[in-house]
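Text of entry-v5.tsv, listed as TSV, C-alpha atoms:
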chain	number	residue	atom	x	y	z
A	1	MET	CA	119.75	81.78	80.09
A	2	THR	CA	117.21	79.00	79.75
A	3	ASN	CA	117.20	76.88	76.62
A	4	THR	CA	114.21	78.17	74.66
A	5	ASP	CA	113.80	74.83	72.83
A	6	ALA	CA	112.76	72.94	75.96
A	7	PRO	CA	109.18	73.43	77.19
A	8	ILE	CA	108.91	75.16	80.55
A	9	SER	CA	106.60	73.63	83.16
A	10	GLY	CA	103.99	75.68	84.97
A	11	ASN	CA	105.93	75.34	88.21
A	12	GLN	CA	109.12	76.56	86.52
A	13	LYS	CA	107.22	79.55	85.04
A	14	ARG	CA	106.00	80.48	88.54
A	15	LYS	CA	109.55	80.25	89.89
A	16	MET	CA	110.82	82.41	87.04
A	17	LYS	CA	108.16	85.05	87.76
A	18	SER	CA	109.04	84.98	91.46
A	19	ALA	CA	112.72	85.41	90.59
A	20	ALA	CA	111.88	88.30	88.25
A	21	ARG	CA	110.05	90.06	91.09
A	22	LEU	CA	113.00	89.58	93.43
A	23	TYR	CA	115.43	90.82	90.79
A	24	ALA	CA	113.21	93.85	90.11
A	25	VAL	CA	113.33	94.84	93.79
A	26	GLN	CA	117.12	94.43	93.76
A	27	ALA	CA	117.43	96.41	90.53
A	28	LEU	CA	115.30	99.29	91.82
A	29	TYR	CA	117.35	99.38	95.01
A	30	GLN	CA	120.55	99.40	92.97
A	31	MET	CA	119.28	102.15	90.67
A	32	GLU	CA	118.52	104.35	93.66
A	33	GLN	CA	121.81	103.63	95.46
A	34	ARG	CA	124.09	103.97	92.45
A	35	GLY	CA	122.17	106.43	90.32
A	36	GLN	CA	121.99	103.98	87.42
A	37	THR	CA	119.57	104.23	84.51
A	38	ILE	CA	117.00	101.57	83.64
A	39	ASP	CA	119.07	100.46	80.65
A	40	GLN	CA	122.24	100.10	82.74
A	41	VAL	CA	120.66	98.09	85.52
A	42	VAL	CA	118.58	95.86	83.24
A	43	LEU	CA	121.63	95.02	81.12
A	44	GLU	CA	123.68	94.23	84.23
A	45	PHE	CA	121.01	91.96	85.66
A	46	LEU	CA	120.42	90.12	82.40
A	47	ASP	CA	124.14	89.67	81.79
A	48	PHE	CA	125.33	88.87	85.31
A	49	ARG	CA	122.43	87.83	87.58
A	50	PHE	CA	119.88	85.80	85.66
A	51	GLY	CA	121.06	82.18	85.91
A	52	ALA	CA	124.53	83.14	87.20
A	53	THR	CA	126.50	80.89	89.53
A	54	TYR	CA	128.28	82.27	92.60
A	55	GLU	CA	130.60	80.37	94.93
A	56	GLU	CA	128.93	81.66	98.10
A	57	GLU	CA	125.31	81.59	96.98
A	58	GLY	CA	125.21	78.80	94.43
A	59	GLU	CA	123.20	79.13	91.26
A	60	MET	CA	120.79	82.01	90.80
A	61	ILE	CA	117.46	81.04	89.28
A	62	GLU	CA	116.62	82.14	85.77
A	63	GLY	CA	114.04	84.92	85.86
A	64	ASP	CA	111.18	85.86	83.56
A	65	VAL	CA	112.96	88.51	81.48
A	66	ASP	CA	109.79	90.17	80.18
A	67	LEU	CA	108.25	90.50	83.65
A	68	PHE	CA	111.54	91.81	85.05
A	69	ARG	CA	111.83	94.48	82.35
A	70	LYS	CA	108.18	95.47	82.74
A	71	LEU	CA	108.33	95.78	86.53
A	72	VAL	CA	111.48	97.90	86.49
A	73	SER	CA	110.24	100.09	83.66
A	74	ASP	CA	106.74	100.52	85.09
A	75	ALA	CA	108.10	101.21	88.58
A	76	VAL	CA	110.13	104.09	87.15
A	77	ASN	CA	107.45	105.35	84.75
A	78	TYR	CA	104.68	105.26	87.37
A	79	GLN	CA	106.87	106.07	90.39
A	80	ALA	CA	105.01	109.23	91.40
A	81	ARG	CA	101.63	107.46	91.32
A	82	ILE	CA	102.98	104.39	93.13
A	83	ASP	CA	104.71	106.52	95.78
A	84	GLN	CA	101.52	108.52	96.37
A	85	MET	CA	99.47	105.34	96.84
A	86	THR	CA	102.14	103.94	99.16
A	87	ASP	CA	102.27	107.19	101.15
A	88	ARG	CA	98.51	106.99	101.69
A	89	ALA	CA	98.99	103.47	103.09
A	90	LEU	CA	101.79	104.52	105.45
A	91	VAL	CA	101.52	106.33	108.74
A	92	ALA	CA	101.74	110.11	108.23
A	93	LYS	CA	105.04	110.29	110.11
A	94	TRP	CA	106.63	107.72	107.79
A	95	PRO	CA	106.36	108.81	104.15
A	96	ILE	CA	107.96	106.52	101.58
A	97	ALA	CA	111.09	108.71	101.49
A	98	ARG	CA	111.81	107.76	105.13
A	99	ILE	CA	111.44	103.99	104.88
A	100	ASP	CA	114.18	101.44	104.21
A	101	PRO	CA	115.40	101.65	100.58
A	102	THR	CA	114.87	97.91	100.11
A	103	LEU	CA	111.23	98.30	101.13
A	104	ARG	CA	110.92	101.33	98.87
A	105	GLY	CA	112.10	99.23	95.91
A	106	LEU	CA	109.72	96.46	96.94
A	107	PHE	CA	106.73	98.81	97.16
A	108	ARG	CA	107.57	100.32	93.78
A	109	ALA	CA	107.93	96.94	92.05
A	110	ALA	CA	104.74	95.63	93.66
A	111	GLY	CA	102.91	98.86	92.88
A	112	ALA	CA	103.97	98.60	89.24
A	113	GLU	CA	102.51	95.11	89.03
A	114	LEU	CA	99.34	96.12	90.85
A	115	ILE	CA	98.56	99.09	88.61
A	116	ASN	CA	99.67	97.70	85.27
A	117	SER	CA	99.14	93.94	85.05
A	118	ASP	CA	96.47	91.27	85.05
A	119	THR	CA	98.04	89.37	87.94
A	120	PRO	CA	95.48	88.98	90.73
A	121	PRO	CA	96.30	91.42	93.57
A	122	LYS	CA	96.36	88.62	96.16
A	123	VAL	CA	99.07	86.86	94.14
A	124	VAL	CA	101.10	90.07	93.88
A	125	ILE	CA	100.78	90.70	97.62
A	126	SER	CA	101.75	87.12	98.49
A	127	GLU	CA	104.77	87.18	96.18
A	128	PHE	CA	106.11	90.45	97.56
A	129	VAL	CA	105.49	89.43	101.18
A	130	ASP	CA	107.66	86.38	100.42
A	131	ILE	CA	110.35	88.71	99.09
A	132	ALA	CA	110.11	90.79	102.28
A	133	ARG	CA	110.61	87.56	104.27
A	134	ALA	CA	113.75	86.84	102.23
A	135	PHE	CA	115.21	90.27	103.00
A	136	PHE	CA	113.95	90.51	106.60
A	137	PRO	CA	113.63	86.92	107.91
A	138	GLU	CA	113.54	87.90	111.59
A	139	GLY	CA	111.68	91.21	111.38
A	140	LYS	CA	108.16	92.53	111.30
A	141	GLU	CA	108.61	93.86	107.76
A	142	PRO	CA	106.64	91.06	106.04
A	143	LYS	CA	103.52	91.94	108.06
A	144	PHE	CA	104.12	95.63	107.34
A	145	VAL	CA	104.50	94.88	103.61
A	146	ASN	CA	101.30	92.83	103.65
A	147	ALA	CA	99.32	95.68	105.24
A	148	VAL	CA	100.70	98.39	102.96
A	149	LEU	CA	100.26	96.34	99.78
A	150	ASP	CA	96.72	95.38	100.76
A	151	HIS	CA	95.89	99.08	101.02
A	152	VAL	CA	97.65	99.90	97.73
A	153	ALA	CA	95.93	96.99	95.95
A	154	ARG	CA	92.48	98.08	97.14
A	155	GLU	CA	93.16	101.54	95.79
A	156	ALA	CA	94.72	100.39	92.53
A	157	ARG	CA	92.27	97.59	91.74
A	158	PRO	CA	89.14	97.92	93.91
A	159	GLU	CA	87.15	95.72	91.52
A	160	ALA	CA	89.33	92.74	92.55
A	161	PHE	CA	88.09	92.86	96.15

What do you get writing this file as structure tokens?
Amino acid sequence: MTNTDAPISGNQKRKMKSAARLYAVQALYQMEQRGQTIDQVVLEFLDFRFGATYEEEGEMIEGDVDLFRKLVSDAVNYQARIDQMTDRALVAKWPIARIDPTLRGLFRAAGAELINSDTPPKVVISEFVDIARAFFPEGKEPKFVNAVLDHVAREARPEAF
């Protein structure tokens, strides 16, 4: 983990928040696939992912631990509300239960941040569209994520638009 004695630059803080969002999507996906609890997945990520070094992938960036914990916890605690808002943004034939599990985790993490944080919705949307690009670099998913999250954000925080 990062040395807490050294000051962290604004750019490094942004990178850590971006990493926390990515890790939250991965953790939510993993929880769903493996049936893990919040405590199990958070402990695993903090112990083995944040700042870890892998031969194939190189060094993983240190994430904002507090944001990571909050996104995972809020995504679980507000899952029904987030899923309902996401369903309203999706085409009737494609409820959230039918979409890719990675996208489901992404929508839940983004929804958690949209309904329970002070982060401007446009920042949240941009960050999660970037995550969609990382998972689906050749696909149309980033545009899909942008459209769905725009709808969810307008419902969750209409005063921001």

Stretch 23-37 of chain A surroundings by all atoms listed in the file, 12 Å radius, close-in-sequence under 5 positions cut, as a PyMOL selection string
chain A and resi 16-18+42-46+48-51+60-76+79+97+100-113+127-128+131-132+134-135

What is the atom CA of A:Leu22 to atom CA of A:Pro120 distance in Å?
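Those two atoms sit 17.7 Å apart.
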
With all atoms listed in the file as the atoms that count, which of A:Gln40, A:Ser117, A:Asn11, A:Asn146 lies nearest to A:Leu90?
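Residue with the minimum atom-to-atom distance to A:Leu90: A:Asn146.
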
Take atom CA of A:Gln12 and atom CA of A:Phe136 and report the distance between them in Å, one decimal.
24.9 Å

Which one is closest to A:Ile96: A:Ile38, A:Val124, A:Val148, A:Glu141? Count only C-alpha atoms.
A:Val148

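You will find atom CA of A:Ile82 at 21.5 Å from atom CA of A:Ala19.
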
Looking at A:Arg21, A:Arg81, A:Arg98, A:Lys143, which one is nearest to A:Val123, with distances taken over only C-alpha atoms?
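The closest residue to A:Val123 is A:Arg21.
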
Please list as a PDB file with C-alpha atoms, in the frame of the given file every residue within 9 Å of A:Lys122, counting all atoms listed in the file and excluding residues in the same chain fewer than 5 positions away.
ATOM      1  CA  GLU A 127     104.770  87.180  96.180  1.00  0.00           C
ATOM      2  CA  ASP A 150      96.720  95.380 100.760  1.00  0.00           C
ATOM      3  CA  ALA A 153      95.930  96.990  95.950  1.00  0.00           C
ATOM      4  CA  ALA A 160      89.330  92.740  92.550  1.00  0.00           C
TER       5      ALA A 160
END

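Between A:Pro95 and the residues A:Glu138, A:Asp83, A:Asp118, A:Asp47, the shortest atom-to-atom distance, using all atoms listed in the file, involves A:Asp83.
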
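Closest approach to A:Arg88 among A:Gly139, A:Arg154, A:Pro121, A:Val129 is made by A:Arg154 (distances from all atoms listed in the file).
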
Atoms added to stretch 144-161 of chain A (N, CA, C and O atoms), reported as a PDB file, in the coordinates of the input:
ATOM      1  N   PHE A 144     104.230  94.235 107.776  1.00  0.00           N
ATOM      2  CA  PHE A 144     104.120  95.630 107.340  1.00  0.00           C
ATOM      3  C   PHE A 144     103.876  95.692 105.832  1.00  0.00           C
ATOM      4  O   PHE A 144     102.982  96.402 105.358  1.00  0.00           O
ATOM      5  N   VAL A 145     104.652  94.923 105.069  1.00  0.00           N
ATOM      6  CA  VAL A 145     104.500  94.880 103.610  1.00  0.00           C
ATOM      7  C   VAL A 145     103.106  94.388 103.248  1.00  0.00           C
ATOM      8  O   VAL A 145     102.449  94.952 102.366  1.00  0.00           O
ATOM      9  N   ASN A 146     102.630  93.363 103.929  1.00  0.00           N
ATOM     10  CA  ASN A 146     101.300  92.830 103.650  1.00  0.00           C
ATOM     11  C   ASN A 146     100.231  93.914 103.846  1.00  0.00           C
ATOM     12  O   ASN A 146      99.353  94.097 102.996  1.00  0.00           O
ATOM     13  N   ALA A 147     100.312  94.639 104.950  1.00  0.00           N
ATOM     14  CA  ALA A 147      99.320  95.680 105.240  1.00  0.00           C
ATOM     15  C   ALA A 147      99.368  96.812 104.231  1.00  0.00           C
ATOM     16  O   ALA A 147      98.328  97.255 103.724  1.00  0.00           O
ATOM     17  N   VAL A 148     100.564  97.280 103.916  1.00  0.00           N
ATOM     18  CA  VAL A 148     100.700  98.390 102.960  1.00  0.00           C
ATOM     19  C   VAL A 148     100.233  97.961 101.577  1.00  0.00           C
ATOM     20  O   VAL A 148      99.470  98.682 100.923  1.00  0.00           O
ATOM     21  N   LEU A 149     100.659  96.783 101.122  1.00  0.00           N
ATOM     22  CA  LEU A 149     100.260  96.340  99.780  1.00  0.00           C
ATOM     23  C   LEU A 149      98.773  96.046  99.679  1.00  0.00           C
ATOM     24  O   LEU A 149      98.168  96.262  98.618  1.00  0.00           O
ATOM     25  N   ASP A 150      98.171  95.585 100.766  1.00  0.00           N
ATOM     26  CA  ASP A 150      96.720  95.380 100.760  1.00  0.00           C
ATOM     27  C   ASP A 150      96.018  96.714 100.528  1.00  0.00           C
ATOM     28  O   ASP A 150      95.083  96.803  99.719  1.00  0.00           O
ATOM     29  N   HIS A 151      96.477  97.747 101.196  1.00  0.00           N
ATOM     30  CA  HIS A 151      95.890  99.080 101.020  1.00  0.00           C
ATOM     31  C   HIS A 151      96.107  99.585  99.596  1.00  0.00           C
ATOM     32  O   HIS A 151      95.174 100.083  98.957  1.00  0.00           O
ATOM     33  N   VAL A 152      97.332  99.446  99.089  1.00  0.00           N
ATOM     34  CA  VAL A 152      97.650  99.900  97.730  1.00  0.00           C
ATOM     35  C   VAL A 152      96.811  99.121  96.706  1.00  0.00           C
ATOM     36  O   VAL A 152      96.265  99.709  95.761  1.00  0.00           O
ATOM     37  N   ALA A 153      96.688  97.816  96.891  1.00  0.00           N
ATOM     38  CA  ALA A 153      95.930  96.990  95.950  1.00  0.00           C
ATOM     39  C   ALA A 153      94.452  97.386  95.927  1.00  0.00           C
ATOM     40  O   ALA A 153      93.838  97.440  94.852  1.00  0.00           O
ATOM     41  N   ARG A 154      93.894  97.675  97.084  1.00  0.00           N
ATOM     42  CA  ARG A 154      92.480  98.080  97.140  1.00  0.00           C
ATOM     43  C   ARG A 154      92.262  99.421  96.456  1.00  0.00           C
ATOM     44  O   ARG A 154      91.202  99.658  95.884  1.00  0.00           O
ATOM     45  N   GLU A 155      93.265 100.279  96.492  1.00  0.00           N
ATOM     46  CA  GLU A 155      93.160 101.540  95.790  1.00  0.00           C
ATOM     47  C   GLU A 155      93.381 101.377  94.285  1.00  0.00           C
ATOM     48  O   GLU A 155      92.660 101.941  93.471  1.00  0.00           O
ATOM     49  N   ALA A 156      94.370 100.578  93.929  1.00  0.00           N
ATOM     50  CA  ALA A 156      94.720 100.390  92.530  1.00  0.00           C
ATOM     51  C   ALA A 156      93.703  99.548  91.761  1.00  0.00           C
ATOM     52  O   ALA A 156      93.414  99.832  90.600  1.00  0.00           O
ATOM     53  N   ARG A 157      93.161  98.510  92.428  1.00  0.00           N
ATOM     54  CA  ARG A 157      92.270  97.590  91.740  1.00  0.00           C
ATOM     55  C   ARG A 157      91.077  97.219  92.633  1.00  0.00           C
ATOM     56  O   ARG A 157      90.911  96.065  93.018  1.00  0.00           O
ATOM     57  N   PRO A 158      90.247  98.190  92.974  1.00  0.00           N
ATOM     58  CA  PRO A 158      89.140  97.920  93.910  1.00  0.00           C
ATOM     59  C   PRO A 158      88.178  96.845  93.406  1.00  0.00           C
ATOM     60  O   PRO A 158      87.560  96.154  94.204  1.00  0.00           O
ATOM     61  N   GLU A 159      88.078  96.715  92.097  1.00  0.00           N
ATOM     62  CA  GLU A 159      87.150  95.720  91.520  1.00  0.00           C
ATOM     63  C   GLU A 159      87.576  94.288  91.847  1.00  0.00           C
ATOM     64  O   GLU A 159      86.766  93.365  91.761  1.00  0.00           O
ATOM     65  N   ALA A 160      88.824  94.082  92.253  1.00  0.00           N
ATOM     66  CA  ALA A 160      89.330  92.740  92.550  1.00  0.00           C
ATOM     67  C   ALA A 160      88.985  92.298  93.969  1.00  0.00           C
ATOM     68  O   ALA A 160      89.249  91.150  94.340  1.00  0.00           O
ATOM     69  N   PHE A 161      88.379  93.198  94.755  1.00  0.00           N
ATOM     70  CA  PHE A 161      88.090  92.860  96.150  1.00  0.00           C
ATOM     71  C   PHE A 161      86.631  92.782  96.439  1.00  0.00           C
ATOM     72  O   PHE A 161      85.758  93.225  96.084  1.00  0.00           O
TER      73      PHE A 161
END
